[in-house]
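Raw input-v9.cif, mmCIF, C-alpha atoms and all ligand atoms:
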```
data_upload
#
loop_
_atom_site.label_atom_id
_atom_site.label_comp_id
_atom_site.auth_asym_id
_atom_site.auth_seq_id
_atom_site.Cartn_x
_atom_site.Cartn_y
_atom_site.Cartn_z
CA MET A 116 108.94 90.00 96.53
CA LYS A 117 108.77 93.17 98.62
CA SER A 118 105.43 94.83 99.30
CA THR A 119 104.76 98.33 97.97
CA VAL A 120 103.71 100.37 101.00
CA ILE A 121 101.41 103.32 100.37
CA ALA A 122 100.42 105.82 103.05
CA ILE A 123 97.12 107.67 102.63
CA ILE A 124 98.07 110.82 104.47
CA ASN A 125 97.03 114.41 105.14
CA GLN A 126 97.44 116.04 108.53
CA LYS A 127 94.04 117.69 108.10
CA GLY A 128 91.17 115.75 109.64
CA GLY A 129 88.09 114.56 107.77
CA VAL A 130 89.45 114.91 104.22
CA GLY A 131 88.71 111.35 103.05
CA LYS A 132 91.85 109.41 104.11
CA THR A 133 89.97 106.46 105.57
CA THR A 134 87.33 106.40 102.83
CA THR A 135 90.08 106.36 100.21
CA THR A 136 92.06 103.65 102.02
CA ILE A 137 89.05 101.34 102.28
CA ASN A 138 87.74 101.84 98.77
CA LEU A 139 90.99 102.02 96.82
CA ALA A 140 92.30 98.92 98.63
CA THR A 141 89.04 97.08 97.86
CA ALA A 142 88.99 98.09 94.20
CA ILE A 143 92.62 96.96 93.81
CA ALA A 144 91.94 93.64 95.57
CA VAL A 145 88.98 93.12 93.22
CA ALA A 146 91.47 93.65 90.35
CA ASN A 147 93.19 90.45 91.56
CA LYS A 148 95.97 91.92 93.67
CA ASN A 149 96.91 90.72 97.12
CA VAL A 150 96.23 93.71 99.39
CA LEU A 151 96.59 94.55 103.08
CA VAL A 152 95.07 97.53 104.88
CA LEU A 153 97.09 98.61 107.89
CA ASP A 154 94.90 100.75 110.14
CA LEU A 155 97.19 103.01 112.17
CA ASP A 156 94.57 105.49 113.34
CA PRO A 157 93.45 104.97 116.97
CA GLN A 158 89.93 105.92 115.81
CA GLY A 159 89.84 102.57 113.97
CA ASN A 160 87.53 103.83 111.22
CA ALA A 161 89.14 101.72 108.49
CA THR A 162 88.71 98.68 110.74
CA THR A 163 84.98 99.18 111.35
CA GLY A 164 84.52 100.42 107.77
CA LEU A 165 85.68 96.98 106.61
CA GLY A 166 83.34 95.25 109.04
CA ILE A 167 86.01 94.22 111.57
CA SER A 168 85.75 94.61 115.35
CA LYS A 169 88.03 97.17 117.05
CA ARG A 170 87.57 95.66 120.51
CA ARG A 171 90.24 96.77 122.95
CA GLY A 172 92.96 94.20 123.64
CA ILE A 173 92.81 92.19 120.39
CA ASN A 174 96.00 91.70 118.37
CA SER A 175 96.24 94.97 116.49
CA SER A 176 98.40 97.60 114.82
CA TYR A 177 99.39 98.86 118.28
CA GLY A 178 101.54 95.76 118.93
CA VAL A 179 102.90 95.87 115.37
CA LEU A 180 103.96 99.53 115.62
CA LEU A 181 105.72 98.94 118.91
CA GLY A 182 107.38 95.75 117.62
CA MET A 183 105.78 93.66 120.37
CA ILE A 184 104.01 91.16 118.13
CA ASP A 185 104.54 89.30 114.85
CA PRO A 186 102.32 91.13 112.31
CA GLN A 187 101.17 87.71 110.98
CA GLU A 188 99.36 87.21 114.28
CA THR A 189 97.35 90.40 113.82
CA ILE A 190 96.16 89.95 110.23
CA GLN A 191 92.46 89.27 109.65
CA LYS A 192 90.64 88.44 106.43
CA THR A 193 87.90 90.84 105.31
CA HIS A 194 84.74 90.02 103.31
CA VAL A 195 86.59 91.14 100.19
CA ASN A 196 88.54 88.42 98.37
CA GLY A 197 92.25 89.20 98.45
CA LEU A 198 91.91 91.95 101.08
CA SER A 199 93.22 91.53 104.63
CA ILE A 200 93.55 94.02 107.46
CA ILE A 201 95.65 94.70 110.51
CA PRO A 202 92.98 96.32 112.68
CA SER A 203 93.39 99.26 115.00
CA THR A 204 91.97 99.61 118.49
CA ILE A 205 91.93 102.43 121.03
CA ASP A 206 95.08 100.81 122.55
CA LEU A 207 96.97 102.64 119.79
CA SER A 208 96.23 106.00 121.41
CA ALA A 209 98.96 105.25 124.00
CA ALA A 210 101.55 104.34 121.37
CA GLU A 211 103.09 107.79 120.84
CA VAL A 212 103.84 108.23 124.55
CA GLU A 213 105.26 104.70 124.75
CA LEU A 214 107.40 105.17 121.63
CA PHE A 215 108.83 108.49 122.71
CA PRO A 216 111.63 107.27 125.04
CA GLN A 217 112.57 104.34 122.80
CA LYS A 218 115.73 104.08 120.71
CA GLY A 219 115.00 104.19 116.96
CA ARG A 220 111.47 105.39 117.72
CA ASP A 221 111.04 106.81 114.17
CA CYS A 222 111.72 103.50 112.41
CA LYS A 223 109.88 100.92 114.50
CA LEU A 224 107.14 100.35 111.94
CA LYS A 225 109.57 99.99 109.03
CA GLN A 226 111.28 97.12 110.84
CA SER A 227 108.07 95.47 111.94
CA ILE A 228 106.45 95.24 108.50
CA SER A 229 109.56 94.63 106.39
CA ASP A 230 108.85 90.89 105.94
CA LEU A 231 105.19 91.20 104.90
CA LYS A 232 104.53 90.00 101.35
CA TYR A 233 101.63 91.72 99.59
CA ASP A 234 101.29 93.45 96.24
CA TYR A 235 100.17 96.56 98.13
CA ILE A 236 99.93 97.61 101.75
CA PHE A 237 97.69 100.67 102.22
CA ILE A 238 98.13 102.52 105.50
CA ASP A 239 95.28 104.59 106.91
CA CYS A 240 97.00 107.45 108.75
CA PRO A 241 95.67 109.48 111.68
CA PRO A 242 95.42 113.27 111.27
CA GLY A 243 98.32 115.38 112.60
CA PHE A 244 102.10 115.02 112.51
CA GLY A 245 102.84 112.81 115.51
CA LEU A 246 105.25 109.90 115.88
CA ILE A 247 102.79 107.46 114.31
CA ASN A 248 102.79 109.44 111.07
CA ILE A 249 106.57 109.87 111.11
CA ASN A 250 106.88 106.08 111.48
CA ILE A 251 104.46 105.65 108.58
CA LEU A 252 106.37 108.06 106.32
CA ASN A 253 109.62 106.25 107.11
CA ALA A 254 108.05 102.86 106.36
CA SER A 255 106.33 103.84 103.09
CA ASN A 256 107.43 103.73 99.47
CA LYS A 257 104.73 106.10 98.26
CA ILE A 258 102.03 108.39 99.52
CA ILE A 259 98.62 109.45 98.28
CA ILE A 260 97.27 112.77 99.57
CA PRO A 261 93.48 113.18 99.66
CA LEU A 262 92.54 116.83 99.24
CA GLN A 263 89.02 117.82 100.22
CA CYS A 264 87.49 120.33 97.81
CA GLU A 265 86.62 122.78 100.61
CA PHE A 266 87.84 126.06 102.00
CA TYR A 267 91.38 125.86 103.54
CA ALA A 268 92.09 122.67 101.56
CA MET A 269 95.37 123.95 100.15
CA GLU A 270 96.45 125.38 103.45
CA GLY A 271 98.63 122.82 105.19
CA LEU A 272 99.76 121.14 101.97
CA ALA A 273 102.96 123.22 102.03
CA GLN A 274 103.63 121.95 105.54
CA LEU A 275 102.95 118.37 104.45
CA PHE A 276 105.42 118.69 101.54
CA CYS A 277 108.01 120.15 103.97
CA THR A 278 107.58 117.13 106.23
CA ILE A 279 107.92 114.77 103.26
CA GLN A 280 111.13 116.53 102.23
CA SER A 281 112.62 116.25 105.71
CA VAL A 282 111.77 112.53 105.77
CA ARG A 283 113.56 112.19 102.40
CA ASN A 284 116.56 114.09 103.75
CA SER A 285 116.89 111.85 106.78
CA ILE A 286 115.75 108.24 106.64
CA ASN A 287 113.63 107.55 103.57
CA LYS A 288 115.26 109.21 100.57
CA ASP A 289 113.17 107.30 98.00
CA LEU A 290 109.74 108.37 99.28
CA ILE A 291 107.51 109.24 96.30
CA VAL A 292 104.25 111.17 96.11
CA SER A 293 102.10 108.86 94.01
CA GLY A 294 99.36 111.45 93.64
CA ILE A 295 96.99 114.03 95.07
CA LEU A 296 93.34 112.97 95.07
CA LEU A 297 90.50 115.49 94.95
CA THR A 298 87.76 114.24 97.28
CA MET A 299 84.18 115.26 98.15
CA HIS A 300 84.01 117.29 94.97
CA ASP A 301 80.72 118.99 94.09
CA ARG A 302 80.39 120.10 90.47
CA ARG A 303 77.60 122.55 91.33
CA ASN A 304 79.72 124.35 93.89
CA ASN A 305 82.04 127.13 92.67
CA LEU A 306 84.39 126.72 95.63
CA SER A 307 84.85 123.03 94.80
CA LEU A 308 85.62 123.91 91.18
CA SER A 309 88.11 126.60 92.15
CA ILE A 310 89.97 124.34 94.63
CA ALA A 311 90.22 121.68 91.91
CA ASN A 312 91.55 124.26 89.41
CA GLU A 313 94.03 125.66 91.91
CA ALA A 314 95.35 122.19 92.74
CA ARG A 315 95.77 121.28 89.06
CA THR A 316 97.49 124.57 88.25
CA HIS A 317 99.89 124.19 91.14
CA PHE A 318 100.54 120.43 91.24
CA LYS A 319 99.86 119.60 87.56
CA ASN A 320 100.15 115.87 86.74
CA LEU A 321 100.56 114.96 90.38
CA VAL A 322 96.78 115.38 90.75
CA PHE A 323 94.91 112.22 89.74
CA ASN A 324 92.58 112.75 86.75
CA THR A 325 89.96 110.83 88.70
CA VAL A 326 87.96 113.01 91.09
CA ILE A 327 85.88 111.56 93.94
CA PRO A 328 82.51 113.35 94.06
CA ARG A 329 80.53 113.96 97.20
CA ASN A 330 78.19 110.95 97.29
CA ILE A 331 75.96 109.92 100.17
CA ARG A 332 76.32 106.19 99.32
CA ILE A 333 80.02 106.45 100.32
CA SER A 334 79.28 107.48 103.89
CA GLU A 335 76.27 105.13 104.14
CA ALA A 336 78.51 102.23 103.12
CA SER A 337 80.99 102.88 105.96
CA SER A 338 78.21 102.87 108.54
CA HIS A 339 77.25 99.40 107.25
CA GLY A 340 80.87 98.17 107.60
CA LYS A 341 81.29 97.83 103.85
CA PRO A 342 83.31 99.53 101.11
CA VAL A 343 81.00 101.40 98.71
CA VAL A 344 82.34 99.19 95.93
CA LEU A 345 80.46 96.28 97.59
CA TYR A 346 77.58 98.28 99.11
CA ASP A 347 76.38 99.90 95.87
CA ILE A 348 78.52 99.08 92.85
CA LYS A 349 76.37 101.31 90.60
CA SER A 350 76.76 104.44 92.72
CA ILE A 351 78.91 107.29 91.42
CA GLY A 352 81.11 106.86 94.52
CA ALA A 353 81.87 103.21 93.71
CA ILE A 354 82.43 103.95 90.02
CA SER A 355 84.87 106.76 90.94
CA TYR A 356 86.95 104.59 93.27
CA ILE A 357 87.12 101.81 90.65
CA GLU A 358 88.27 104.45 88.14
CA LEU A 359 90.89 105.64 90.65
CA ALA A 360 92.18 102.07 91.08
CA LYS A 361 92.60 101.79 87.30
CA GLU A 362 94.44 105.11 87.13
CA PHE A 363 96.61 104.16 90.09
CA LEU A 364 97.57 100.79 88.58
CA ASN A 365 98.32 102.49 85.24
CA ARG A 366 100.64 104.95 86.99
CA GLU A 367 102.30 101.98 88.71
CA ARG A 368 103.03 100.34 85.36
CA LYS A 369 104.78 103.47 84.04
N1 LIG A 401 83.14 111.32 98.64
C1 LIG A 401 82.44 111.42 99.78
N2 LIG A 401 81.12 111.72 99.75
C2 LIG A 401 80.41 111.84 100.88
N3 LIG A 401 80.91 111.66 102.10
C3 LIG A 401 82.22 111.35 102.20
C4 LIG A 401 83.05 111.21 101.06
N4 LIG A 401 84.30 110.91 101.47
C5 LIG A 401 84.25 110.86 102.81
N5 LIG A 401 83.02 111.12 103.26
C6 LIG A 401 82.58 111.21 104.66
O1 LIG A 401 83.28 112.29 105.26
C7 LIG A 401 83.70 111.95 106.57
C8 LIG A 401 85.22 112.05 106.66
O2 LIG A 401 85.80 111.10 105.78
P1 LIG A 401 86.99 110.16 106.28
O3 LIG A 401 86.67 109.52 107.57
O4 LIG A 401 87.34 109.27 105.14
O5 LIG A 401 88.12 111.27 106.49
P2 LIG A 401 89.52 111.11 107.25
O6 LIG A 401 90.47 112.01 106.55
O7 LIG A 401 89.89 109.67 107.35
O8 LIG A 401 89.17 111.68 108.70
P3 LIG A 401 90.11 111.60 110.01
O9 LIG A 401 91.15 112.64 109.81
O10 LIG A 401 89.19 111.87 111.14
O11 LIG A 401 90.69 110.22 110.06
C9 LIG A 401 83.15 110.56 106.83
O12 LIG A 401 81.94 110.66 107.49
C10 LIG A 401 82.96 109.98 105.44
O13 LIG A 401 81.94 109.00 105.40
MG MG A 402 90.38 108.55 109.04
#
```
If you took the structure in this file and wrote it as structure tokens, what would it be?
Ligand SMILES: Nc1ncnc2c1ncn2[C@@H]1O[C@H](COP(=O)(O)OP(=O)(O)OP(=O)(O)O)[C@@H](O)[C@H]1O
Ligand SMILES: [Mg+2]
Amino acid sequence: MKSTVIAIINQKGGVGKTTTTINLATAIAVANKNVLVLDLDPQGNATTGLGISKRRGINSSYGVLLGMIDPQETIQKTHVNGLSIIPSTIDLSAAEVELFPQKGRDCKLKQSISDLKYDYIFIDCPPGFGLININILNASNKIIIPLQCEFYAMEGLAQLFCTIQSVRNSINKDLIVSGILLTMHDRRNNLSLSIANEARTHFKNLVFNTVIPRNIRISEASSHGKPVVLYDIKSIGAISYIELAKEFLNRERK
């Protein structure tokens, strides 16, 4: 069995990548799948958001990306049944400089994680288009793009699709966009509604039917080191991510 590797990516910062990684991965693990979160952002927000320490020097995604350590030695169990994580630490912030002179620097991650056996590996990506993200795109089967329902949301998507196309043209021809996810949506806000409409007009079925509303319980949960699905199962944030997991798994079956 080969793992399905899914990158949660958008070069824009603060659009809900980490929140989506944590909560979608949790909701899918709760649905009885064997799931790994690979935190490849030096900020380590997915790591702390799942209640794991990001202390400098521990076995982490830094060693995995650079091919210096067996990924099995970096994997930690989370509080969620069926959900493990390869944590990130600030050590990762040096990785791009260290990768740069290396041969095959774009494909290091693909090699390192090729033997991992999970139903799904979700990768939390850093913002930007550096070597870490190029490695992630080369190592992934699919991507999910969180799109924040705010001004300038659509700007930058064209650039992201260009990057995806150039990855397809070079190393990873089978890379698929699994879907675009509208995040931090506010029904009472006209701008939010118009971004959602614009995205659906332009990207049609690629946009998930499920929309993640702005919900304070989601950000509270992260500060408690828990996915919202565990922190407050009745909140609209938790219900939305469970709905997203169902829609995602349905798309996978098709
Ligand atoms: N649906 C939501 N409702 C309310 N707050 C949210 C929601 N989604 C995310 N947030 C909050 O918005 C902030 C940014 O979200 P998040 O960290 O997931 O974005 P990101 O894309 O991973 O950011 P970065 O590019 O810095 O990694 C966080 O404080 C998070 O708790
Ligand atoms: Mg993040």
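The residues sitting within 7 Å of ligand MG 402 (chain A), with all atoms listed in the file considered, come out as Gly129, Gly131, Lys132, Thr133, Asp156, Asn160, Ala161, Asp239, Cys240 and Pro241 of chain A.
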Do you have, as a Markdown table, the list of residues of chain A lying at most 10 Å from ligand LIG 401 (chain A), each with its nearest atom pair and that distance in Å to one decimal, counting all atoms listed in the file and ordered by chain then number?
```
| residue | atom | partner | partner_atom | distance |
| --- | --- | --- | --- | --- |
| A:Ile123 | CA | A:LIG401 | O6 | 8.9 |
| A:Ile124 | CA | A:LIG401 | O6 | 8.0 |
| A:Asn125 | CA | A:LIG401 | O6 | 7.1 |
| A:Gln126 | CA | A:LIG401 | O9 | 7.3 |
| A:Lys127 | CA | A:LIG401 | O9 | 6.1 |
| A:Gly128 | CA | A:LIG401 | O9 | 3.1 |
| A:Gly129 | CA | A:LIG401 | O8 | 3.2 |
| A:Val130 | CA | A:LIG401 | O6 | 3.9 |
| A:Gly131 | CA | A:LIG401 | O4 | 3.3 |
| A:Lys132 | CA | A:LIG401 | O7 | 3.8 |
| A:Thr133 | CA | A:LIG401 | O7 | 3.7 |
| A:Thr134 | CA | A:LIG401 | O4 | 3.7 |
| A:Thr135 | CA | A:LIG401 | O4 | 6.3 |
| A:Thr136 | CA | A:LIG401 | O4 | 8.0 |
| A:Ile137 | CA | A:LIG401 | O4 | 8.6 |
| A:Asn138 | CA | A:LIG401 | O4 | 9.8 |
| A:Leu155 | CA | A:LIG401 | O11 | 9.9 |
| A:Asp156 | CA | A:LIG401 | O11 | 6.9 |
| A:Pro157 | CA | A:LIG401 | O11 | 9.1 |
| A:Gln158 | CA | A:LIG401 | O11 | 7.2 |
| A:Gly159 | CA | A:LIG401 | O11 | 8.6 |
| A:Asn160 | CA | A:LIG401 | O3 | 6.8 |
| A:Ala161 | CA | A:LIG401 | O7 | 8.1 |
| A:Gly164 | CA | A:LIG401 | O13 | 9.3 |
| A:Asp239 | CA | A:LIG401 | O7 | 7.4 |
| A:Cys240 | CA | A:LIG401 | O11 | 7.0 |
| A:Pro241 | CA | A:LIG401 | O11 | 5.3 |
| A:Pro242 | CA | A:LIG401 | O9 | 4.6 |
| A:Gly243 | CA | A:LIG401 | O9 | 8.2 |
| A:Ile260 | CA | A:LIG401 | O6 | 9.8 |
| A:Pro261 | CA | A:LIG401 | O6 | 7.6 |
| A:Leu262 | CA | A:LIG401 | O6 | 9.0 |
| A:Gln263 | CA | A:LIG401 | N4 | 8.5 |
| A:Leu297 | CA | A:LIG401 | N1 | 9.2 |
| A:Thr298 | CA | A:LIG401 | N1 | 5.6 |
| A:Met299 | CA | A:LIG401 | N1 | 4.1 |
| A:His300 | CA | A:LIG401 | N1 | 7.1 |
| A:Asp301 | CA | A:LIG401 | N2 | 9.2 |
| A:Val326 | CA | A:LIG401 | N1 | 9.1 |
| A:Ile327 | CA | A:LIG401 | N1 | 5.4 |
| A:Pro328 | CA | A:LIG401 | N1 | 5.0 |
| A:Arg329 | CA | A:LIG401 | N2 | 3.4 |
| A:Asn330 | CA | A:LIG401 | N2 | 3.9 |
| A:Ile331 | CA | A:LIG401 | C2 | 4.9 |
| A:Arg332 | CA | A:LIG401 | C2 | 7.1 |
| A:Ile333 | CA | A:LIG401 | N2 | 5.4 |
| A:Ser334 | CA | A:LIG401 | O13 | 3.4 |
| A:Glu335 | CA | A:LIG401 | O13 | 7.0 |
| A:Ala336 | CA | A:LIG401 | O13 | 7.9 |
| A:Ser337 | CA | A:LIG401 | O13 | 6.2 |
| A:Ser338 | CA | A:LIG401 | O13 | 7.8 |
| A:Ile351 | CA | A:LIG401 | N1 | 9.3 |
| A:Gly352 | CA | A:LIG401 | N1 | 6.4 |
| A:Ala353 | CA | A:LIG401 | N1 | 9.6 |
| A:Ser355 | CA | A:LIG401 | N1 | 9.1 |
| A:Tyr356 | CA | A:LIG401 | N1 | 9.4 |
```
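You can rank A:Ile201, A:Leu275, A:Leu290, A:Ile238 by their closest distance to Ile121 of chain A using all atoms listed in the file, and at the top of that list sits A:Ile238.
Nearest to Leu180 of chain A of all the residues A:Asn312, A:Ser199, A:Ser208, A:Thr163 is A:Ser208, counting all atoms listed in the file.
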Original post:
Of the candidates A:Leu252, A:Leu308, A:Gln274, A:His317, which one gets nearest to Asp289 of chain A if we count all atoms listed in the file?
Top reply: A:Leu252
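Taking atom CA of Gly271 of chain A and atom CA of Leu306 of chain A as endpoints, the distance between them is 17.6 Å.
If you measure from each of A:Met183, A:Val292, A:Leu207, A:Leu198 to Ala144 of chain A using only C-alpha atoms, the closest one turns out to be A:Leu198.
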